[in-house]
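Student: Contents of work_3.cif (mmCIF, C-alpha atoms) are below:
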```cif
data_query
loop_
_atom_site.label_atom_id
_atom_site.label_comp_id
_atom_site.auth_asym_id
_atom_site.auth_seq_id
_atom_site.Cartn_x
_atom_site.Cartn_y
_atom_site.Cartn_z
CA LYS A 1 -23.76 23.90 -42.68
CA ALA A 2 -25.45 26.20 -40.18
CA GLY A 3 -27.22 24.55 -37.26
CA VAL A 4 -30.69 25.09 -35.90
CA THR A 5 -31.21 28.69 -34.88
CA GLN A 6 -33.74 30.02 -32.41
CA THR A 7 -34.79 33.57 -31.69
CA PRO A 8 -34.91 35.25 -29.34
CA ARG A 9 -32.49 33.54 -26.99
CA TYR A 10 -33.90 35.13 -23.86
CA LEU A 11 -37.28 36.59 -23.14
CA ILE A 12 -39.02 38.07 -20.12
CA LYS A 13 -42.81 38.36 -20.11
CA THR A 14 -45.52 38.91 -17.52
CA ARG A 15 -48.47 36.70 -16.71
CA GLY A 16 -51.32 36.97 -19.15
CA GLN A 17 -49.17 38.09 -22.07
CA GLN A 18 -48.51 35.99 -25.13
CA VAL A 19 -45.20 35.10 -26.73
CA THR A 20 -43.99 33.88 -30.11
CA LEU A 21 -40.76 31.96 -30.50
CA SER A 22 -39.03 31.28 -33.80
CA CYS A 23 -37.00 28.37 -35.10
CA SER A 24 -35.04 28.06 -38.33
CA PRO A 25 -34.11 24.44 -39.09
CA ILE A 26 -30.95 23.16 -40.69
CA SER A 27 -31.06 23.65 -44.45
CA GLY A 28 -32.83 20.70 -46.05
CA HIS A 29 -34.57 19.62 -42.85
CA ARG A 30 -38.34 19.57 -43.14
CA SER A 31 -39.41 18.31 -39.73
CA VAL A 32 -39.39 20.67 -36.77
CA SER A 33 -40.18 19.61 -33.21
CA TRP A 34 -40.62 21.74 -30.13
CA TYR A 35 -39.84 20.80 -26.54
CA GLN A 36 -40.17 22.43 -23.15
CA GLN A 37 -37.47 21.80 -20.55
CA THR A 38 -37.91 22.60 -16.86
CA PRO A 39 -36.00 21.38 -13.80
CA GLY A 40 -39.12 19.76 -12.39
CA GLN A 41 -40.60 18.06 -15.44
CA GLY A 42 -37.53 17.58 -17.58
CA LEU A 43 -37.72 17.63 -21.34
CA GLN A 44 -41.28 17.37 -22.66
CA PHE A 45 -42.48 17.07 -26.24
CA LEU A 46 -44.80 19.84 -27.39
CA PHE A 47 -45.45 19.14 -31.08
CA GLU A 48 -43.88 18.29 -34.41
CA TYR A 49 -44.45 19.91 -37.78
CA PHE A 50 -43.69 18.41 -41.14
CA SER A 51 -44.51 19.99 -44.49
CA GLU A 52 -46.48 22.76 -42.79
CA THR A 53 -48.73 20.26 -40.99
CA GLN A 54 -48.75 19.31 -37.33
CA ARG A 55 -47.88 15.63 -37.39
CA ASN A 56 -47.59 14.88 -33.67
CA LYS A 57 -48.70 16.59 -30.49
CA GLY A 58 -47.76 16.20 -26.84
CA ASN A 59 -49.93 16.69 -23.78
CA PHE A 60 -49.94 20.45 -23.47
CA PRO A 61 -52.96 22.75 -23.21
CA GLY A 62 -54.32 24.58 -26.20
CA ARG A 63 -52.50 27.75 -25.10
CA PHE A 64 -49.49 26.23 -26.79
CA SER A 65 -49.68 26.31 -30.54
CA GLY A 66 -47.36 26.32 -33.48
CA ARG A 67 -47.07 26.56 -37.20
CA GLN A 68 -44.61 25.86 -39.95
CA PHE A 69 -43.99 27.89 -43.06
CA SER A 70 -43.23 26.72 -46.59
CA ASN A 71 -39.50 27.27 -46.01
CA SER A 72 -39.72 24.91 -42.99
CA ARG A 73 -39.18 27.70 -40.47
CA SER A 74 -41.45 27.26 -37.48
CA GLU A 75 -42.95 29.40 -34.78
CA MET A 76 -44.57 28.46 -31.54
CA ASN A 77 -46.95 30.66 -29.62
CA VAL A 78 -47.96 30.58 -26.00
CA SER A 79 -50.99 32.64 -25.07
CA THR A 80 -52.11 33.80 -21.65
CA LEU A 81 -48.76 33.08 -20.07
CA GLU A 82 -48.60 31.50 -16.64
CA LEU A 83 -45.71 31.46 -14.18
CA GLY A 84 -45.28 27.75 -14.85
CA ASP A 85 -44.51 28.44 -18.49
CA SER A 86 -41.08 29.68 -17.46
CA ALA A 87 -38.77 27.21 -19.16
CA LEU A 88 -36.20 26.58 -21.82
CA TYR A 89 -37.95 26.01 -25.13
CA LEU A 90 -35.99 23.88 -27.53
CA CYS A 91 -36.54 23.41 -31.19
CA ALA A 92 -35.12 20.46 -33.12
CA SER A 93 -35.07 19.69 -36.81
CA SER A 94 -34.87 16.40 -38.68
CA PHE A 95 -33.85 15.58 -42.22
CA LEU A 96 -36.61 15.09 -44.81
CA ALA A 97 -39.34 12.83 -43.46
CA GLY A 98 -37.00 11.33 -40.95
CA GLY A 99 -37.72 10.72 -37.35
CA PRO A 100 -35.53 11.46 -34.37
CA GLU A 101 -32.57 9.56 -35.82
CA THR A 102 -31.45 12.71 -37.55
CA GLN A 103 -32.71 15.22 -35.02
CA TYR A 104 -30.55 18.18 -34.04
CA PHE A 105 -31.45 20.64 -31.32
CA GLY A 106 -31.13 24.39 -31.41
CA PRO A 107 -29.69 26.43 -28.52
CA GLY A 108 -33.12 27.16 -27.07
CA THR A 109 -35.08 30.20 -25.97
CA ARG A 110 -35.16 30.80 -22.25
CA LEU A 111 -38.51 32.27 -21.24
CA LEU A 112 -39.09 33.84 -17.86
CA VAL A 113 -42.66 34.69 -16.88
CA LEU A 114 -43.04 37.18 -14.04
CA GLN B 1 -46.08 4.74 -13.76
CA LYS B 2 -44.02 7.28 -15.62
CA GLU B 3 -43.61 6.65 -19.31
CA VAL B 4 -39.80 6.71 -19.25
CA GLU B 5 -37.89 6.31 -16.00
CA GLN B 6 -34.25 6.82 -15.20
CA ASN B 7 -32.31 7.02 -11.95
CA SER B 8 -31.48 10.68 -11.47
CA GLY B 9 -28.06 9.94 -10.02
CA PRO B 10 -25.57 11.33 -9.68
CA LEU B 11 -23.66 8.34 -10.94
CA SER B 12 -20.02 8.74 -10.08
CA VAL B 13 -17.30 6.67 -11.75
CA PRO B 14 -13.52 7.03 -11.88
CA GLU B 15 -11.78 7.81 -15.13
CA GLY B 16 -11.30 4.68 -17.24
CA ALA B 17 -14.19 2.79 -15.67
CA ILE B 18 -17.39 1.62 -17.33
CA ALA B 19 -20.45 3.77 -16.69
CA SER B 20 -23.80 1.99 -16.90
CA LEU B 21 -26.95 4.05 -17.40
CA ASN B 22 -30.37 2.45 -17.27
CA CYS B 23 -33.84 3.30 -18.48
CA THR B 24 -37.25 1.61 -18.38
CA TYR B 25 -40.31 2.49 -20.42
CA SER B 26 -43.98 1.70 -20.11
CA ASP B 27 -45.27 1.67 -23.71
CA ARG B 28 -44.87 -1.89 -24.99
CA GLY B 29 -45.53 -0.75 -28.52
CA SER B 30 -42.52 1.56 -28.66
CA GLN B 31 -40.12 0.69 -31.45
CA SER B 32 -37.31 3.22 -31.33
CA PHE B 33 -35.10 4.28 -28.46
CA PHE B 34 -32.58 7.07 -28.12
CA TRP B 35 -29.82 8.26 -25.83
CA TYR B 36 -28.98 11.95 -25.66
CA ARG B 37 -26.21 13.70 -23.78
CA GLN B 38 -26.73 17.18 -22.36
CA TYR B 39 -23.92 19.24 -20.93
CA SER B 40 -24.86 21.88 -18.39
CA GLY B 41 -26.24 24.94 -20.14
CA LYS B 42 -26.22 23.25 -23.55
CA SER B 43 -28.77 21.55 -25.76
CA PRO B 44 -29.17 17.78 -25.94
CA GLU B 45 -27.15 15.96 -28.55
CA LEU B 46 -27.96 12.52 -29.92
CA ILE B 47 -25.47 9.81 -28.99
CA MET B 48 -27.15 6.64 -30.20
CA PHE B 49 -30.41 5.10 -31.26
CA ILE B 50 -31.46 1.46 -31.22
CA TYR B 51 -34.43 -0.42 -32.65
CA SER B 52 -33.69 -4.11 -32.24
CA ASN B 53 -33.18 -6.25 -29.18
CA GLY B 54 -29.56 -6.75 -28.31
CA ASP B 55 -26.50 -4.55 -28.37
CA LYS B 56 -25.44 -1.74 -30.66
CA GLU B 57 -21.91 -0.41 -30.40
CA ASP B 58 -20.47 2.92 -31.51
CA GLY B 59 -16.97 3.64 -30.32
CA ARG B 60 -16.92 3.74 -26.54
CA PHE B 61 -20.72 3.62 -26.37
CA THR B 62 -22.93 0.54 -26.36
CA ALA B 63 -26.71 0.70 -26.27
CA GLN B 64 -28.60 -2.37 -25.10
CA LEU B 65 -32.29 -3.03 -25.66
CA ASN B 66 -34.56 -5.65 -24.12
CA LYS B 67 -38.12 -5.13 -25.31
CA ALA B 68 -39.52 -8.00 -23.26
CA SER B 69 -38.26 -6.32 -20.09
CA GLN B 70 -38.95 -2.81 -21.47
CA TYR B 71 -35.41 -1.85 -20.63
CA VAL B 72 -32.76 0.20 -22.41
CA SER B 73 -29.25 0.84 -21.20
CA LEU B 74 -26.17 2.75 -22.24
CA LEU B 75 -22.66 1.62 -21.41
CA ILE B 76 -19.77 4.03 -21.65
CA ARG B 77 -16.41 2.29 -21.70
CA ASP B 78 -13.16 3.98 -20.67
CA SER B 79 -15.10 6.88 -19.16
CA GLN B 80 -13.47 10.29 -19.47
CA PRO B 81 -14.04 13.48 -17.46
CA SER B 82 -15.46 14.95 -20.66
CA ASP B 83 -18.28 12.38 -20.43
CA SER B 84 -19.57 14.16 -17.31
CA ALA B 85 -23.05 15.28 -18.34
CA THR B 86 -26.71 14.41 -18.01
CA TYR B 87 -27.79 11.45 -20.12
CA LEU B 88 -31.36 11.41 -21.35
CA CYS B 89 -33.19 8.30 -22.46
CA ALA B 90 -35.99 8.86 -24.98
CA VAL B 91 -38.63 6.68 -26.57
CA ASN B 92 -40.60 7.51 -29.71
CA LYS B 93 -44.29 7.02 -29.02
CA SER B 94 -45.72 3.94 -30.61
CA GLY B 95 -48.02 4.36 -33.56
CA GLN B 96 -46.56 7.72 -34.46
CA ALA B 97 -44.90 8.54 -37.72
CA GLY B 98 -42.10 11.03 -37.38
CA THR B 99 -41.05 12.40 -34.02
CA ALA B 100 -42.92 12.26 -30.72
CA LEU B 101 -40.15 11.65 -28.21
CA ILE B 102 -40.91 10.94 -24.58
CA PHE B 103 -37.87 11.67 -22.41
CA GLY B 104 -36.82 10.43 -19.03
CA LYS B 105 -35.62 13.04 -16.58
CA GLY B 106 -32.03 12.05 -17.10
CA THR B 107 -29.14 10.58 -15.15
CA THR B 108 -26.27 12.83 -14.16
CA LEU B 109 -22.90 11.20 -14.72
CA SER B 110 -19.74 12.45 -13.02
CA VAL B 111 -16.39 11.04 -14.10
CA SER B 112 -13.53 11.86 -11.76
CA SER B 113 -9.93 12.05 -12.92
#
```
Could I get this file's structure written as structure tokens?
Tutor:
Amino acid sequence: KAGVTQTPRYLIKTRGQQVTLSCSPISGHRSVSWYQQTPGQGLQFLFEYFSETQRNKGNFPGRFSGRQFSNSRSEMNVSTLELGDSALYLCASSFLAGGPETQYFGPGTRLLVL
Amino acid sequence: QKEVEQNSGPLSVPEGAIASLNCTYSDRGSQSFFWYRQYSGKSPELIMFIYSNGDKEDGRFTAQLNKASQYVSLLIRDSQPSDSATYLCAVNKSGQAGTALIFGKGTTLSVSS
């Protein structure tokens, strides 16, 4: 079974631009969560989507948004990029309605904001 | 107080020894607790989860939970050099269905051969 895939793997943007990251969950997984990982703040929860609805949200500004499609694929968008948004963005999927017990992470998208 | 706290390490143990990793959390309502391992340049992978007070064993790994003390630990028996990684403690936010994991910043473990 294929794992969680994320595209693109690397991205360079400039301040003020916006970016869209994509995540395809493991087949059969319906929950998709997004995380930001930086050396200073560690791994931080952004939001979780289940059945096309945002079910949980972390403490990030409204510039960070996401959505989930009917096939469970998810995208996250960051608008008006800031230098501090440079990070590894990880997507994770969980089986059915399950919580983190069945959560698998993708390889991540590394975003550099110049 | 940070929501989930871990000693950053590095924790250094010789091969074959027991490695003890500790974590405290602030949300008394939290019900589920997780340990992830992250190798350098790789994504986190789930090692264990625990819900009830006491010990939970899986192979060389034992998770321990004490809700009264708001404390979670991970013991790695017979440590191997391949166990060298960063170990992340995570707590699912109370009152949330599904996933809303709060992570500690991780403890770096180094096992020397």
Student: Using the chain letters and numbering of this document, enumerate as number ranges by chain the residues selected by the PyMOL selection byres ((chain A and resi 85) around 10).
Tutor: A: 15, 36-38, 64, 78, 80-84, 86-89, 111-114
Student: Would you write out, as a ChimeraX atom specification, every residue that the PyMOL selection byres ((chain B) within 12 of (chain A)) captures in this file?
Tutor: /B:2-6,8,31-39,41-51,86-107
Student: In Å, rounded to a single decimal, give me how far atom CA of A:Ser24 is from atom CA of A:Ser74.
Tutor: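 Interatomic distance, atom CA of A:Ser74 to atom CA of A:Ser24: 6.5 Å.
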Student: Which value, in Å to one decimal, gives the distance between atom CA of A:Arg73 and atom CA of A:Thr5?
Tutor: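 Going from atom CA of A:Arg73 over to atom CA of A:Thr5 covers 9.8 Å.
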Student: Could you list, as a PDB file with C-alpha atoms, keeping the file's coordinate frame, every residue within 6 Å of A:Asn77, counting all atoms listed in the file and ignoring same-chain residues fewer than 6 positions away?
Tutor:
```
ATOM      1  CA  VAL A  19     -45.200  35.100 -26.730  1.00  0.00           C
ATOM      2  CA  THR A  20     -43.990  33.880 -30.110  1.00  0.00           C
ATOM      3  CA  PHE A  64     -49.490  26.230 -26.790  1.00  0.00           C
ATOM      4  CA  SER A  65     -49.680  26.310 -30.540  1.00  0.00           C
ATOM      5  CA  GLY A  66     -47.360  26.320 -33.480  1.00  0.00           C
TER       6      GLY A  66
END
```
Student: Excluding stretch 76-79 of chain B and its own-chain neighbours fewer than 5 positions away, which residues fall within 8 Å of it when counting only C-alpha atoms? Please give them as a list in words.
Tutor: Val13, Pro14, Glu15, Gly16, Ala17, Ile18, Ala19, Ser20, Arg60, Phe61, Thr62 and Val111 of chain B
Student: Please compute the atom CA of B:Tyr71-atom CA of B:Ala85 distance, one decimal, in Å.
Tutor: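 One can read the atom CA of B:Tyr71 to atom CA of B:Ala85 distance as 21.2 Å.
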Student: Quick one: which residues end up in the PyMOL selection byres ((chain A and resi 70) around 10) for this structure, as a list of chain:residue names?
Tutor: A:Arg30, A:Phe50, A:Ser51, A:Glu52, A:Gln68, A:Phe69, A:Asn71, A:Ser72, A:Arg73, A:Ser74
Student: Rank B:Ser12, B:Asn22, B:Asn7, B:Ser113 by their smallest atom-to-atom distance to B:Leu75, using all atoms listed in the file, and report the top residue only.
Tutor: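 Counting all atoms listed in the file, the residue closest to B:Leu75 is B:Asn22.
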Student: Between A:Gln6, A:Gln54, A:Ser79, A:Thr109, which has the minimum distance to A:Ile26 (counting only C-alpha atoms)?
Tutor: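 Nearest candidate to A:Ile26 out of A:Gln6, A:Gln54, A:Ser79, A:Thr109: A:Gln6.
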Student: I'd like the box whose edges run along x, y and z of the file and which contains every listed atom of stretch 75-89 of chain A, padded by 4 Å per side; could you state its centre and edge lengths in Å, one decimal, as lines of an AutoDock Vina configuration file?
Tutor:
```
center_x = -44.2
center_y = 29.9
center_z = -24.5
size_x = 23.9
size_y = 15.8
size_z = 28.6
```
Student: Between A:Thr53, A:Gly62, A:Glu75, A:Phe95, which is the closest to A:Ser27 once you count all atoms listed in the file?
Tutor: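 So, comparing all the options, the nearest one is A:Phe95.
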Student: Between B:Ser84, B:Ser112, B:Ser52, B:Leu11, which residue has the minimum interatomic distance to B:Gln64, considering only C-alpha atoms?
Tutor: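 Closest candidate: B:Ser52.
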Student: Could you add N, CA and C atoms to stretch 13-26 of chain B and give me the result as a short mmCIF file (atom, residue, chain, number, x, y, z; two decimals), in the coordinates of the input?
Tutor:
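Saved to rebuild07.cif:
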```
data_model
loop_
_atom_site.label_atom_id
_atom_site.label_comp_id
_atom_site.auth_asym_id
_atom_site.auth_seq_id
_atom_site.Cartn_x
_atom_site.Cartn_y
_atom_site.Cartn_z
N VAL B 13 -18.25 7.73 -11.38
CA VAL B 13 -17.30 6.67 -11.75
C VAL B 13 -15.91 7.28 -11.91
N PRO B 14 -14.87 6.51 -11.65
CA PRO B 14 -13.52 7.03 -11.88
C PRO B 14 -13.17 6.96 -13.37
N GLU B 15 -12.25 7.80 -13.75
CA GLU B 15 -11.78 7.81 -15.13
C GLU B 15 -11.29 6.42 -15.54
N GLY B 16 -11.70 5.99 -16.74
CA GLY B 16 -11.30 4.68 -17.24
C GLY B 16 -12.27 3.57 -16.94
N ALA B 17 -13.21 3.81 -16.04
CA ALA B 17 -14.19 2.79 -15.67
C ALA B 17 -15.33 2.74 -16.68
N ILE B 18 -16.18 1.73 -16.51
CA ILE B 18 -17.39 1.62 -17.33
C ILE B 18 -18.55 2.26 -16.58
N ALA B 19 -19.25 3.15 -17.26
CA ALA B 19 -20.45 3.77 -16.69
C ALA B 19 -21.66 3.07 -17.29
N SER B 20 -22.60 2.69 -16.45
CA SER B 20 -23.80 1.99 -16.90
C SER B 20 -25.03 2.81 -16.55
N LEU B 21 -25.77 3.20 -17.57
CA LEU B 21 -26.95 4.05 -17.40
C LEU B 21 -28.18 3.24 -17.83
N ASN B 22 -29.21 3.31 -17.03
CA ASN B 22 -30.37 2.45 -17.27
C ASN B 22 -31.65 3.25 -17.45
N CYS B 23 -32.58 2.64 -18.14
CA CYS B 23 -33.84 3.30 -18.48
C CYS B 23 -34.92 2.25 -18.66
N THR B 24 -36.10 2.49 -18.11
CA THR B 24 -37.25 1.61 -18.38
C THR B 24 -38.36 2.45 -18.98
N TYR B 25 -39.21 1.80 -19.76
CA TYR B 25 -40.31 2.49 -20.42
C TYR B 25 -41.58 1.70 -20.28
N SER B 26 -42.71 2.37 -20.39
CA SER B 26 -43.98 1.70 -20.11
C SER B 26 -44.75 1.29 -21.37
#
```
